[in-house]
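The next block is final_29.cif, given as mmCIF, C-alpha atoms.
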```
data_structure
loop_
_atom_site.label_atom_id
_atom_site.label_comp_id
_atom_site.auth_asym_id
_atom_site.auth_seq_id
_atom_site.Cartn_x
_atom_site.Cartn_y
_atom_site.Cartn_z
CA MET A 1 -36.72 -15.37 -8.59
CA SER A 2 -35.54 -14.13 -5.29
CA GLU A 3 -36.16 -10.55 -4.43
CA GLU A 4 -33.37 -10.16 -1.93
CA TYR A 5 -30.08 -8.33 -1.98
CA SER A 6 -27.41 -7.48 0.53
CA VAL A 7 -26.77 -4.37 2.54
CA GLU A 8 -23.79 -3.31 4.58
CA ILE A 9 -23.67 -0.38 6.95
CA VAL A 10 -20.23 0.80 8.03
CA ASN A 11 -19.20 3.58 10.35
CA PRO A 12 -15.60 4.67 10.91
CA GLU A 13 -15.16 2.42 13.92
CA LYS A 14 -16.48 -0.80 12.52
CA SER A 15 -18.82 -2.59 10.20
CA PHE A 16 -22.09 -1.83 11.89
CA LEU A 17 -24.49 -4.18 10.18
CA SER A 18 -24.43 -6.63 7.33
CA LYS A 19 -27.44 -8.44 5.96
CA ASN A 20 -28.14 -10.38 2.82
CA ASP A 21 -31.82 -11.08 2.99
CA VAL A 22 -32.98 -7.54 2.43
CA ILE A 23 -36.05 -6.82 0.34
CA GLU A 24 -36.22 -3.05 0.52
CA VAL A 25 -34.22 -0.26 2.10
CA VAL A 26 -35.59 3.25 2.47
CA VAL A 27 -32.92 5.89 2.94
CA PRO A 28 -33.27 9.62 3.61
CA ALA A 29 -31.36 10.88 0.57
CA PHE A 30 -30.52 14.51 0.24
CA GLU A 31 -33.28 15.25 -2.22
CA GLY A 32 -35.92 13.07 -0.62
CA GLU A 33 -36.42 9.53 0.51
CA ILE A 34 -35.36 6.74 -1.81
CA GLY A 35 -36.62 3.19 -1.61
CA ILE A 36 -34.21 0.71 -3.09
CA LEU A 37 -35.38 -2.66 -4.35
CA LYS A 38 -33.41 -5.40 -6.02
CA ASP A 39 -31.82 -4.59 -9.41
CA HIS A 40 -31.98 -0.88 -8.85
CA ILE A 41 -29.68 1.06 -11.18
CA SER A 42 -26.22 1.82 -9.75
CA ILE A 43 -26.57 4.93 -7.68
CA ILE A 44 -24.46 7.14 -5.46
CA SER A 45 -26.18 9.62 -3.22
CA PHE A 46 -25.65 11.25 0.11
CA LEU A 47 -27.92 11.36 3.08
CA LYS A 48 -29.46 13.98 5.26
CA PRO A 49 -30.26 13.30 8.90
CA GLY A 50 -33.12 10.87 9.05
CA ILE A 51 -34.31 7.32 9.45
CA ILE A 52 -33.09 4.35 7.48
CA LYS A 53 -35.67 1.58 7.25
CA ILE A 54 -34.59 -1.89 6.33
CA PHE A 55 -37.23 -4.44 5.36
CA SER A 56 -35.89 -7.93 5.32
CA LYS A 57 -37.17 -11.48 5.54
CA SER A 58 -36.49 -11.46 9.24
CA GLY A 59 -38.44 -8.30 9.90
CA GLU A 60 -38.19 -4.55 9.85
CA GLU A 61 -35.45 -2.43 11.41
CA SER A 62 -35.01 1.30 11.72
CA PHE A 63 -31.90 3.34 12.33
CA TYR A 64 -31.23 6.99 12.90
CA VAL A 65 -28.34 8.42 10.85
CA ASN A 66 -26.69 11.77 11.12
CA ASP A 67 -25.25 11.90 7.65
CA GLY A 68 -23.73 9.51 5.20
CA ILE A 69 -23.31 8.34 1.70
CA ILE A 70 -24.82 5.37 -0.06
CA GLU A 71 -23.59 3.38 -2.99
CA PHE A 72 -25.68 0.75 -4.72
CA LYS A 73 -24.00 -1.50 -7.24
CA ASP A 74 -24.55 -5.08 -8.41
CA ASN A 75 -27.20 -5.62 -5.77
CA ASN A 76 -24.89 -4.54 -2.99
CA LEU A 77 -25.87 -1.54 -0.97
CA SER A 78 -23.17 0.17 1.08
CA ILE A 79 -24.08 2.83 3.56
CA LEU A 80 -21.26 4.89 5.03
CA THR A 81 -22.16 7.03 7.98
CA SER A 82 -20.37 8.72 10.83
CA LEU A 83 -23.14 8.23 13.38
CA ILE A 84 -25.81 5.58 13.42
CA LEU A 85 -28.18 4.47 16.17
CA ASN A 86 -30.59 1.59 16.25
CA LEU A 87 -34.03 2.89 17.06
CA LYS A 88 -34.86 -0.20 19.05
CA ASP A 89 -32.40 0.40 21.84
CA ILE A 90 -32.07 4.10 21.58
CA ASP A 91 -30.69 6.17 24.38
CA LYS A 92 -32.85 9.14 25.32
CA GLU A 93 -29.89 10.97 26.73
CA LYS A 94 -27.86 10.53 23.58
CA ILE A 95 -30.69 11.93 21.52
CA SER A 96 -31.08 15.01 23.63
CA GLU A 97 -27.35 15.48 23.51
CA ILE A 98 -27.35 15.48 19.71
CA LYS A 99 -30.36 17.72 19.75
CA LYS A 100 -28.71 20.22 22.01
CA SER A 101 -25.57 20.47 19.93
CA ALA A 102 -27.68 20.85 16.79
CA GLU A 103 -29.63 23.66 18.39
CA GLU A 104 -26.45 25.39 19.42
CA GLU A 105 -25.09 25.08 15.93
CA LEU A 106 -28.28 26.49 14.51
CA ASN A 107 -27.94 29.58 16.63
CA LYS A 108 -24.55 30.40 15.23
CA SER A 109 -24.65 33.28 12.82
CA ASP A 110 -22.15 32.08 10.25
CA ILE A 111 -23.95 29.07 8.87
CA ASN A 112 -25.03 28.85 5.27
CA ASP A 113 -28.40 27.81 3.92
CA GLN A 114 -27.46 24.24 3.30
CA GLU A 115 -26.16 23.73 6.82
CA LYS A 116 -29.26 25.37 8.19
CA TYR A 117 -31.46 23.10 6.16
CA LEU A 118 -29.62 20.02 7.37
CA LEU A 119 -29.83 21.11 10.98
CA ASP A 120 -33.53 21.83 10.69
CA GLN A 121 -34.00 18.38 9.27
CA LYS A 122 -32.03 16.88 12.08
CA LEU A 123 -34.11 18.57 14.76
CA GLU A 124 -37.34 17.55 13.09
CA VAL A 125 -36.31 13.91 12.93
CA LEU A 126 -35.09 13.93 16.50
CA LYS A 127 -38.40 15.37 17.63
CA LEU A 128 -40.14 12.53 15.86
CA ILE A 129 -38.09 9.93 17.62
CA ASN A 130 -38.55 11.31 21.07
CA MET B 1 35.58 -2.07 43.37
CA ALA B 2 32.08 -1.30 44.51
CA SER B 3 31.26 -2.51 47.96
CA LEU B 4 28.88 -5.39 48.59
CA ASP B 5 26.20 -3.08 49.81
CA ASP B 6 26.37 -0.93 46.69
CA LEU B 7 26.06 -3.96 44.48
CA LYS B 8 23.08 -5.21 46.41
CA LYS B 9 21.37 -1.88 46.01
CA ARG B 10 22.02 -1.81 42.29
CA ILE B 11 20.66 -5.28 41.82
CA SER B 12 17.45 -4.48 43.61
CA SER B 13 17.03 -1.24 41.67
CA VAL B 14 17.53 -2.96 38.33
CA LYS B 15 15.08 -5.61 39.42
CA SER B 16 12.39 -3.08 40.19
CA THR B 17 12.98 -1.35 36.86
CA GLN B 18 12.55 -4.71 35.23
CA LYS B 19 9.25 -5.15 36.98
CA ILE B 20 8.04 -1.84 35.59
CA THR B 21 9.11 -2.56 32.05
CA LYS B 22 7.54 -5.98 32.24
CA ALA B 23 4.26 -4.53 33.40
CA MET B 24 4.38 -1.92 30.65
CA LYS B 25 4.96 -4.63 28.13
CA MET B 26 1.92 -6.53 29.33
CA VAL B 27 -0.25 -3.43 29.21
CA ALA B 28 1.01 -2.56 25.74
CA ALA B 29 0.30 -6.09 24.56
CA ALA B 30 -3.28 -5.91 25.79
CA LYS B 31 -3.78 -2.47 24.27
CA LEU B 32 -2.15 -3.57 21.05
CA ARG B 33 -4.71 -6.25 20.52
CA ARG B 34 -7.51 -3.79 20.91
CA ALA B 35 -5.85 -1.16 18.74
CA GLN B 36 -5.14 -3.69 16.05
CA GLU B 37 -8.72 -4.85 16.11
CA SER B 38 -10.10 -1.36 15.71
CA ALA B 39 -7.60 -0.61 12.96
CA GLU B 40 -8.86 -3.62 11.09
CA LYS B 41 -12.47 -2.76 11.74
CA GLY B 42 -11.89 0.76 10.48
CA ARG B 43 -10.55 -0.40 7.17
CA PRO B 44 -13.83 -1.13 5.35
CA TYR B 45 -15.02 2.42 5.86
CA SER B 46 -11.98 4.10 4.40
CA ASP B 47 -11.71 1.55 1.62
CA LYS B 48 -15.32 2.06 0.60
CA MET B 49 -14.92 5.80 0.84
CA ASN B 50 -11.89 5.61 -1.44
CA ASN B 51 -13.77 3.47 -3.89
CA ILE B 52 -16.68 5.84 -4.13
CA ILE B 53 -14.41 8.81 -4.59
CA LEU B 54 -12.52 7.00 -7.31
CA ASN B 55 -15.75 6.20 -9.10
CA LEU B 56 -16.89 9.77 -8.74
CA SER B 57 -13.69 11.36 -9.92
CA ASN B 58 -13.61 9.05 -12.91
CA GLY B 59 -17.07 10.31 -13.78
CA ILE B 60 -15.98 13.92 -13.79
CA SER B 61 -15.27 14.95 -17.32
CA ASP B 62 -14.18 18.52 -16.85
CA ILE B 63 -11.13 18.62 -14.59
CA GLY B 64 -11.16 22.40 -14.59
CA ASN B 65 -14.44 22.46 -12.74
CA ALA B 66 -13.51 19.79 -10.25
CA PRO B 67 -13.54 20.76 -6.60
CA LYS B 68 -10.32 22.33 -5.41
CA LEU B 69 -9.84 19.64 -2.78
CA LEU B 70 -9.49 17.12 -5.59
CA SER B 71 -7.52 19.02 -8.17
CA GLY B 72 -5.55 21.36 -5.93
CA THR B 73 -5.14 25.10 -6.18
CA GLY B 74 -2.93 24.80 -9.21
CA GLU B 75 0.00 26.06 -7.21
CA ASP B 76 2.66 24.40 -5.16
CA LYS B 77 4.00 27.06 -2.86
CA VAL B 78 2.81 26.45 0.65
CA HIS B 79 2.95 22.99 2.14
CA LEU B 80 1.02 21.99 5.23
CA CYS B 81 2.28 18.96 7.07
CA VAL B 82 0.24 17.17 9.69
CA VAL B 83 2.66 15.22 11.85
CA MET B 84 0.96 12.60 13.97
CA THR B 85 2.80 11.23 16.96
CA SER B 86 1.96 9.77 20.32
CA ASP B 87 1.29 11.56 23.59
CA ARG B 88 3.41 9.24 25.67
CA GLY B 89 7.03 8.27 25.52
CA LEU B 90 8.83 5.01 26.19
CA CYS B 91 7.83 3.51 22.91
CA GLY B 92 11.16 2.91 21.25
CA GLY B 93 11.80 4.58 17.92
CA PHE B 94 8.13 5.20 17.21
CA ASN B 95 8.12 8.99 17.40
CA THR B 96 11.67 9.42 16.20
CA ASN B 97 10.92 7.50 13.03
CA ILE B 98 7.99 9.70 12.12
CA ILE B 99 9.95 12.84 12.92
CA LYS B 100 12.89 11.65 10.86
CA LYS B 101 10.63 11.03 7.88
CA ALA B 102 8.95 14.38 8.34
CA LYS B 103 12.23 16.26 8.68
CA LEU B 104 13.46 14.88 5.38
CA TYR B 105 10.31 16.19 3.74
CA PHE B 106 10.60 19.55 5.52
CA GLN B 107 14.18 19.95 4.34
CA LYS B 108 13.18 19.21 0.76
CA ILE B 109 10.38 21.77 0.90
CA LEU B 110 12.58 24.44 2.41
CA ASP B 111 15.42 23.76 -0.02
CA GLU B 112 13.02 24.34 -2.87
CA GLY B 113 12.19 27.70 -1.38
CA LYS B 114 8.62 26.86 -0.51
CA THR B 115 6.79 27.80 2.63
CA LEU B 116 6.30 25.21 5.31
CA LYS B 117 3.50 25.03 7.84
CA ILE B 118 3.18 22.33 10.44
CA ILE B 119 0.35 20.97 12.54
CA THR B 120 1.42 18.57 15.23
CA VAL B 121 -0.98 16.00 16.62
CA GLY B 122 0.32 14.45 19.83
CA THR B 123 2.62 16.13 22.32
CA LYS B 124 5.76 14.15 21.55
CA GLY B 125 5.92 15.40 18.00
CA TYR B 126 5.70 18.98 19.19
CA ASP B 127 8.47 18.42 21.73
CA GLN B 128 10.80 17.08 19.09
CA LEU B 129 10.04 19.66 16.43
CA LYS B 130 9.76 22.87 18.40
CA ARG B 131 13.50 23.51 18.57
CA LEU B 132 14.19 23.33 14.84
CA TYR B 133 10.85 24.24 13.33
CA GLY B 134 9.20 26.16 16.15
CA ASP B 135 8.28 29.06 13.87
CA ASN B 136 6.64 26.80 11.33
CA ILE B 137 4.26 25.15 13.74
CA ILE B 138 0.92 26.84 13.36
CA GLU B 139 -1.20 24.52 15.42
CA ARG B 140 -0.66 21.85 18.00
CA MET B 141 -3.22 19.36 19.13
CA SER B 142 -3.35 16.46 21.48
CA PHE B 143 -6.07 14.04 22.38
CA LYS B 144 -4.65 12.90 25.67
CA GLU B 145 -8.06 13.03 27.30
CA SER B 146 -9.74 10.71 24.83
CA LYS B 147 -9.79 7.20 26.15
CA SER B 148 -9.76 5.65 22.74
CA ILE B 149 -9.30 6.83 19.20
CA ASN B 150 -12.60 8.12 17.94
CA TYR B 151 -13.83 9.62 14.74
CA PHE B 152 -14.76 12.94 16.25
CA ASP B 153 -11.18 13.72 17.21
CA ALA B 154 -10.11 12.96 13.66
CA ASP B 155 -12.93 15.11 12.40
CA LYS B 156 -11.64 18.03 14.48
CA VAL B 157 -8.26 17.79 12.81
CA GLY B 158 -9.91 17.40 9.42
CA LYS B 159 -12.07 20.48 9.94
CA ILE B 160 -9.06 22.60 10.82
CA VAL B 161 -7.25 21.43 7.71
CA ILE B 162 -10.24 22.19 5.50
CA GLU B 163 -10.83 25.54 7.09
CA LYS B 164 -7.25 26.51 6.41
CA PHE B 165 -7.52 25.25 2.86
CA GLU B 166 -10.60 27.34 2.23
CA LYS B 167 -8.78 30.39 3.53
CA LYS B 168 -6.10 29.54 0.97
CA GLU B 169 -3.44 29.20 3.62
CA PHE B 170 -1.75 26.29 1.87
CA ASP B 171 -1.66 24.46 -1.46
CA VAL B 172 -0.55 20.96 -0.60
CA CYS B 173 -1.25 18.95 2.51
CA ALA B 174 0.53 15.81 3.62
CA ILE B 175 0.13 13.69 6.71
CA PHE B 176 2.81 11.70 8.49
CA TYR B 177 2.12 8.61 10.53
CA ASN B 178 3.35 5.12 11.19
CA GLN B 179 1.72 2.32 9.33
CA PHE B 180 1.29 -0.81 11.37
CA LYS B 181 2.75 -3.83 9.64
CA ASN B 182 3.43 -6.11 12.57
CA VAL B 183 4.61 -5.85 16.15
CA ILE B 184 8.25 -5.39 15.18
CA THR B 185 7.84 -3.40 12.01
CA GLN B 186 6.14 -0.06 11.67
CA ILE B 187 6.64 1.90 8.51
CA PRO B 188 6.66 5.67 8.69
CA GLN B 189 4.34 6.97 5.99
CA GLU B 190 3.95 10.18 4.11
CA GLN B 191 0.57 10.57 2.49
CA GLN B 192 -0.65 13.47 0.44
CA ILE B 193 -4.30 14.22 1.10
CA ILE B 194 -4.76 17.55 -0.67
CA PRO B 195 -4.86 17.51 -3.65
CA LEU B 196 -6.04 13.94 -3.64
CA LYS B 197 -3.86 11.53 -5.52
CA THR B 198 -5.91 9.30 -7.79
CA SER B 199 -3.01 7.38 -9.22
CA GLU B 200 -4.39 4.04 -8.10
CA LYS B 201 -7.09 4.06 -10.72
CA ASP B 202 -8.94 0.85 -11.05
CA GLU B 203 -9.53 -0.17 -14.64
CA ASN B 204 -12.74 -2.04 -13.93
CA SER B 205 -14.47 0.66 -11.99
CA SER B 206 -14.29 3.24 -14.76
CA GLU B 207 -16.90 1.41 -16.78
CA ASP B 208 -19.64 1.67 -14.20
CA ASN B 209 -22.39 4.06 -14.95
CA TYR B 210 -23.79 5.51 -11.82
CA GLU B 211 -26.83 7.52 -11.27
CA PHE B 212 -26.02 10.49 -9.12
CA GLU B 213 -28.33 12.35 -6.88
CA PRO B 214 -27.61 15.24 -6.60
CA GLU B 215 -25.00 16.01 -9.28
CA GLU B 216 -21.51 14.51 -9.22
CA ASP B 217 -19.69 17.67 -8.33
CA GLU B 218 -22.06 18.43 -5.51
CA ILE B 219 -21.58 14.99 -4.03
CA LEU B 220 -17.86 15.28 -4.48
CA SER B 221 -17.61 18.62 -2.76
CA ASN B 222 -19.53 17.16 0.17
CA LEU B 223 -17.61 13.95 0.22
CA LEU B 224 -14.07 15.21 -0.08
CA PRO B 225 -13.96 16.96 3.29
CA LYS B 226 -15.30 13.78 4.84
CA ASN B 227 -12.65 11.80 3.09
CA ILE B 228 -9.96 13.96 4.64
CA SER B 229 -11.30 13.25 8.11
CA THR B 230 -11.52 9.59 7.22
CA GLN B 231 -7.93 9.47 6.05
CA ILE B 232 -6.81 11.21 9.21
CA PHE B 233 -8.86 8.81 11.27
CA LYS B 234 -7.30 5.87 9.50
CA ALA B 235 -3.87 7.31 10.14
CA MET B 236 -4.73 7.74 13.81
CA LEU B 237 -5.83 4.13 14.10
CA GLU B 238 -2.72 2.86 12.38
CA ASN B 239 -0.66 5.12 14.57
CA SER B 240 -2.15 3.87 17.80
CA ALA B 241 -1.63 0.25 16.82
CA SER B 242 1.94 1.07 15.84
CA GLU B 243 2.55 2.92 19.08
CA GLN B 244 1.49 -0.03 21.18
CA GLY B 245 3.44 -2.46 19.03
CA SER B 246 6.52 -0.32 19.21
CA ARG B 247 6.16 0.09 22.95
CA MET B 248 5.69 -3.60 23.41
CA SER B 249 8.88 -4.53 21.62
CA ALA B 250 10.80 -1.70 23.27
CA MET B 251 9.68 -2.85 26.70
CA ASP B 252 10.43 -6.43 25.81
CA ASN B 253 13.98 -5.44 24.97
CA ALA B 254 14.27 -3.39 28.13
CA THR B 255 13.09 -6.32 30.24
CA ARG B 256 15.61 -8.60 28.62
CA ASN B 257 18.42 -6.11 29.07
CA ALA B 258 17.52 -5.69 32.70
CA GLY B 259 17.64 -9.46 33.14
CA GLU B 260 21.11 -9.59 31.64
CA MET B 261 22.23 -6.78 33.85
CA VAL B 262 20.90 -8.51 36.96
CA ASP B 263 22.79 -11.68 36.00
CA LYS B 264 26.01 -9.77 35.50
CA LEU B 265 25.65 -7.87 38.73
CA THR B 266 24.82 -11.04 40.65
CA ILE B 267 28.00 -12.70 39.44
CA GLU B 268 29.99 -9.67 40.43
CA TYR B 269 28.27 -9.61 43.79
CA ASN B 270 29.02 -13.27 44.44
CA ARG B 271 32.65 -12.86 43.40
CA SER B 272 33.25 -9.98 45.70
CA ARG B 273 31.50 -11.81 48.52
CA GLN B 274 33.78 -14.79 47.87
CA ALA B 275 36.78 -12.48 47.82
CA ALA B 276 35.78 -10.91 51.11
CA ILE B 277 35.41 -14.33 52.76
CA THR B 278 38.75 -15.48 51.43
CA LYS B 279 40.36 -12.32 52.64
CA GLU B 280 38.90 -12.79 56.09
CA LEU B 281 40.07 -16.40 56.24
CA ILE B 282 43.58 -15.41 55.24
CA GLU B 283 43.58 -12.79 57.96
CA ILE B 284 42.46 -15.31 60.59
CA ILE B 285 44.97 -17.94 59.48
CA SER B 286 47.87 -15.55 59.34
CA GLY B 287 46.79 -14.18 62.73
CA ALA B 288 46.79 -17.71 64.19
CA GLU B 289 50.17 -18.48 62.69
CA SER B 290 51.84 -15.49 64.24
CA LEU B 291 50.83 -16.64 67.71
#
```

Let me see the file written as structure tokens.
Amino acid sequence: MSEEYSVEIVNPEKSFLSKNDVIEVVVPAFEGEIGILKDHISIISFLKPGIIKIFSKSGEESFYVNDGIIEFKDNNLSILTSLILNLKDIDKEKISEIKKSAEEELNKSDINDQEKYLLDQKLEVLKLIN
Amino acid sequence: MASLDDLKKRISSVKSTQKITKAMKMVAAAKLRRAQESAEKGRPYSDKMNNIILNLSNGISDIGNAPKLLSGTGEDKVHLCVVMTSDRGLCGGFNTNIIKKAKLYFQKILDEGKTLKIITVGTKGYDQLKRLYGDNIIERMSFKESKSINYFDADKVGKIVIEKFEKKEFDVCAIFYNQFKNVITQIPQEQQIIPLKTSEKDENSSEDNYEFEPEEDEILSNLLPKNISTQIFKAMLENSASEQGSRMSAMDNATRNAGEMVDKLTIEYNRSRQAAITKELIEIISGAESL
């Protein structure tokens, strides 16, 4: 029996990536990382800033996401995100730009705990990448 | 009758206008292709988003506890209208059509004695609305500087709308834009985004049992604001494709009209030249006869 399923990543501008020989996808869900294999139960969850890892027949790929929502159903995984970057050809400048705006946001006084948590996460992940 | 010189000047001026409209048509055609492409590429995102929200809202059993963005405030007093138009003119009836649609809605709201608030996106909409509804316009935005439509601009608009909703400044929010059907046809649309209309319920999707992490209502309350930005973004994409399409056909018409005008003027020019020659000949002949 084949162990593969299909994944599609879309951002508002376009369909970013579509693959159908995926074995496992690890996504940074809000309450911790989730690894999704074939025949996982239907799930909807949203993402915190982090790294998506896609393991497929053709190799391993990693992407940075800012936020997003995932839906898994009938062995189709959809990832909706507003900002996604491939770690392979990442732009150092872009990263520091995101980092800077996150830091600025963090310094604002009127943010709530959840926002603060997300921003902290974001900075941590960005530090890891750099 | 206009003198030969005047006619010549008019012909050359119409010709140069024609050149401009022709160039604008070409530019619009090139931009249209790009805008259309990005409108099509943007569709999967908003479709998927809609799907997920539908699935989620079907899963919510207690409507009373549903997020306000989904169910509304329970009142229907203050309406916020986001009118999306272009920043540039010379695009035929594009802006006027949106404004016309919006004005109908405004009139209905005001006749029912409700309060009206307006946000205009794009300078042309503001220009057309400020005379009649100047007091109702609470915010005006324009993304003239952005080279292309991007999600972050849409997100800015979305954030303002949500902020105002959380401050309870309005109960119902609708957006106005032109939906792109084809180059000749653009349909002005009115779409209610708050509270969200879930009339298009899919029978099949209600049977799915999803696992949610975290809880449904928490996901929903995070997702709904995003959905508003997404809807606005979709509207912006449709709008920009419509704008280019509308401009293209308007400029096509203008070019054709200019061509007709040049033809007409040329005939008139030739006739009066003929007449002048004939007149001169007659003068010479009658002069020679009198000798």

Using all atoms listed in the file, which residues sit within 12 Å of Gly158 in chain B once same-chain residues fewer than 5 positions away are excluded, as a ChimeraX atom specification? /B:82,119,121,141,151-153,163-165,173,175,193-194,224-236

Calculated over only C-alpha atoms, which of the candidates A:Asn20, A:Ser2, A:Asn75, A:Ser82 has the smallest distance to chain B? A:Ser82

Once you count all atoms listed in the file, what closest atom pair and distance in Å to one decimal does each residue of chain A within 7 Å of chain B have, with rows by chain and rising residue number, as JSON lines?
```
{"residue": "A:Val10", "atom": "CA", "partner": "B:Tyr45", "partner_atom": "CA", "distance": 5.9}
{"residue": "A:Asn11", "atom": "CA", "partner": "B:Tyr45", "partner_atom": "CA", "distance": 6.2}
{"residue": "A:Pro12", "atom": "CA", "partner": "B:Gly42", "partner_atom": "CA", "distance": 5.4}
{"residue": "A:Glu13", "atom": "CA", "partner": "B:Gly42", "partner_atom": "CA", "distance": 5.0}
{"residue": "A:Lys14", "atom": "CA", "partner": "B:Lys41", "partner_atom": "CA", "distance": 4.5}
{"residue": "A:Ser15", "atom": "CA", "partner": "B:Lys41", "partner_atom": "CA", "distance": 6.5}
{"residue": "A:Ser42", "atom": "CA", "partner": "B:Tyr210", "partner_atom": "CA", "distance": 4.9}
{"residue": "A:Ile43", "atom": "CA", "partner": "B:Glu211", "partner_atom": "CA", "distance": 4.4}
{"residue": "A:Ile44", "atom": "CA", "partner": "B:Phe212", "partner_atom": "CA", "distance": 5.2}
{"residue": "A:Ser45", "atom": "CA", "partner": "B:Glu213", "partner_atom": "CA", "distance": 5.0}
{"residue": "A:Phe46", "atom": "CA", "partner": "B:Ile219", "partner_atom": "CA", "distance": 6.9}
{"residue": "A:Leu80", "atom": "CA", "partner": "B:Tyr45", "partner_atom": "CA", "distance": 6.8}
```

Can I get the selected residues back with C-alpha atoms, as a compact mmCIF listing (two decimals), keeping the file's coordinate frame?
```txt
# COMPACT_ATOMS: atom_id res chain seq x y z
CA VAL A 10 -20.23 0.80 8.03
CA ASN A 11 -19.20 3.58 10.35
CA PRO A 12 -15.60 4.67 10.91
CA GLU A 13 -15.16 2.42 13.92
CA LYS A 14 -16.48 -0.80 12.52
CA SER A 15 -18.82 -2.59 10.20
CA SER A 42 -26.22 1.82 -9.75
CA ILE A 43 -26.57 4.93 -7.68
CA ILE A 44 -24.46 7.14 -5.46
CA SER A 45 -26.18 9.62 -3.22
CA PHE A 46 -25.65 11.25 0.11
CA LEU A 80 -21.26 4.89 5.03
```

I want to know what sits within 7 Å of range 66-77 of chain B, based on only C-alpha atoms, with residues of the same chain fewer than 3 positions away left out; could you give that as number ranges by chain? B: 62-63, 114-115, 171-172, 194-196, 217, 221, 224

Export of the given selection (C-alpha atoms) as an mmCIF file, keeping the file's coordinate frame:
```
data_model
loop_
_atom_site.group_PDB
_atom_site.id
_atom_site.type_symbol
_atom_site.label_atom_id
_atom_site.label_comp_id
_atom_site.auth_asym_id
_atom_site.auth_seq_id
_atom_site.Cartn_x
_atom_site.Cartn_y
_atom_site.Cartn_z
ATOM 1 C CA ASP B 62 -14.180 18.520 -16.850
ATOM 2 C CA ILE B 63 -11.130 18.620 -14.590
ATOM 3 C CA LYS B 114 8.620 26.860 -0.510
ATOM 4 C CA THR B 115 6.790 27.800 2.630
ATOM 5 C CA ASP B 171 -1.660 24.460 -1.460
ATOM 6 C CA VAL B 172 -0.550 20.960 -0.600
ATOM 7 C CA ILE B 194 -4.760 17.550 -0.670
ATOM 8 C CA PRO B 195 -4.860 17.510 -3.650
ATOM 9 C CA LEU B 196 -6.040 13.940 -3.640
ATOM 10 C CA ASP B 217 -19.690 17.670 -8.330
ATOM 11 C CA SER B 221 -17.610 18.620 -2.760
ATOM 12 C CA LEU B 224 -14.070 15.210 -0.080
#
```

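Straight-line separation from CA of Gly113 in chain B to CA of Met84 in chain B: 24.3 Å.
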
If I only have part of range 184-195 of chain B, can you fill in N, CA and C atoms and write it as an mmCIF file, keeping the file's coordinate frame?
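So out10.cif came out as:
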```cif
data_model
loop_
_atom_site.group_PDB
_atom_site.id
_atom_site.type_symbol
_atom_site.label_atom_id
_atom_site.label_comp_id
_atom_site.auth_asym_id
_atom_site.auth_seq_id
_atom_site.Cartn_x
_atom_site.Cartn_y
_atom_site.Cartn_z
ATOM 1 N N ILE B 184 6.868 -5.863 15.249
ATOM 2 C CA ILE B 184 8.250 -5.390 15.180
ATOM 3 C C ILE B 184 8.414 -4.303 14.133
ATOM 4 N N THR B 185 7.626 -4.344 13.092
ATOM 5 C CA THR B 185 7.840 -3.400 12.010
ATOM 6 C C THR B 185 6.711 -2.380 11.913
ATOM 7 N N GLN B 186 7.085 -1.123 11.976
ATOM 8 C CA GLN B 186 6.140 -0.060 11.670
ATOM 9 C C GLN B 186 6.809 0.826 10.612
ATOM 10 N N ILE B 187 6.045 1.149 9.597
ATOM 11 C CA ILE B 187 6.640 1.900 8.510
ATOM 12 C C ILE B 187 6.168 3.334 8.557
ATOM 13 N N PRO B 188 7.072 4.274 8.728
ATOM 14 C CA PRO B 188 6.660 5.670 8.690
ATOM 15 C C PRO B 188 6.140 6.030 7.300
ATOM 16 N N GLN B 189 4.997 6.683 7.260
ATOM 17 C CA GLN B 189 4.340 6.970 5.990
ATOM 18 C C GLN B 189 4.188 8.451 5.761
ATOM 19 N N GLU B 190 4.259 8.811 4.501
ATOM 20 C CA GLU B 190 3.950 10.180 4.110
ATOM 21 C C GLU B 190 2.838 10.071 3.090
ATOM 22 N N GLN B 191 1.716 10.710 3.386
ATOM 23 C CA GLN B 191 0.570 10.570 2.490
ATOM 24 C C GLN B 191 0.025 11.944 2.139
ATOM 25 N N GLN B 192 -0.120 12.178 0.865
ATOM 26 C CA GLN B 192 -0.650 13.470 0.440
ATOM 27 C C GLN B 192 -2.163 13.376 0.399
ATOM 28 N N ILE B 193 -2.833 14.303 1.102
ATOM 29 C CA ILE B 193 -4.300 14.220 1.100
ATOM 30 C C ILE B 193 -4.942 15.354 0.311
ATOM 31 N N ILE B 194 -4.238 16.473 0.173
ATOM 32 C CA ILE B 194 -4.760 17.550 -0.670
ATOM 33 C C ILE B 194 -3.639 18.006 -1.598
ATOM 34 N N PRO B 195 -3.763 18.096 -2.887
ATOM 35 C CA PRO B 195 -4.860 17.510 -3.650
ATOM 36 C C PRO B 195 -4.804 15.982 -3.597
#
```
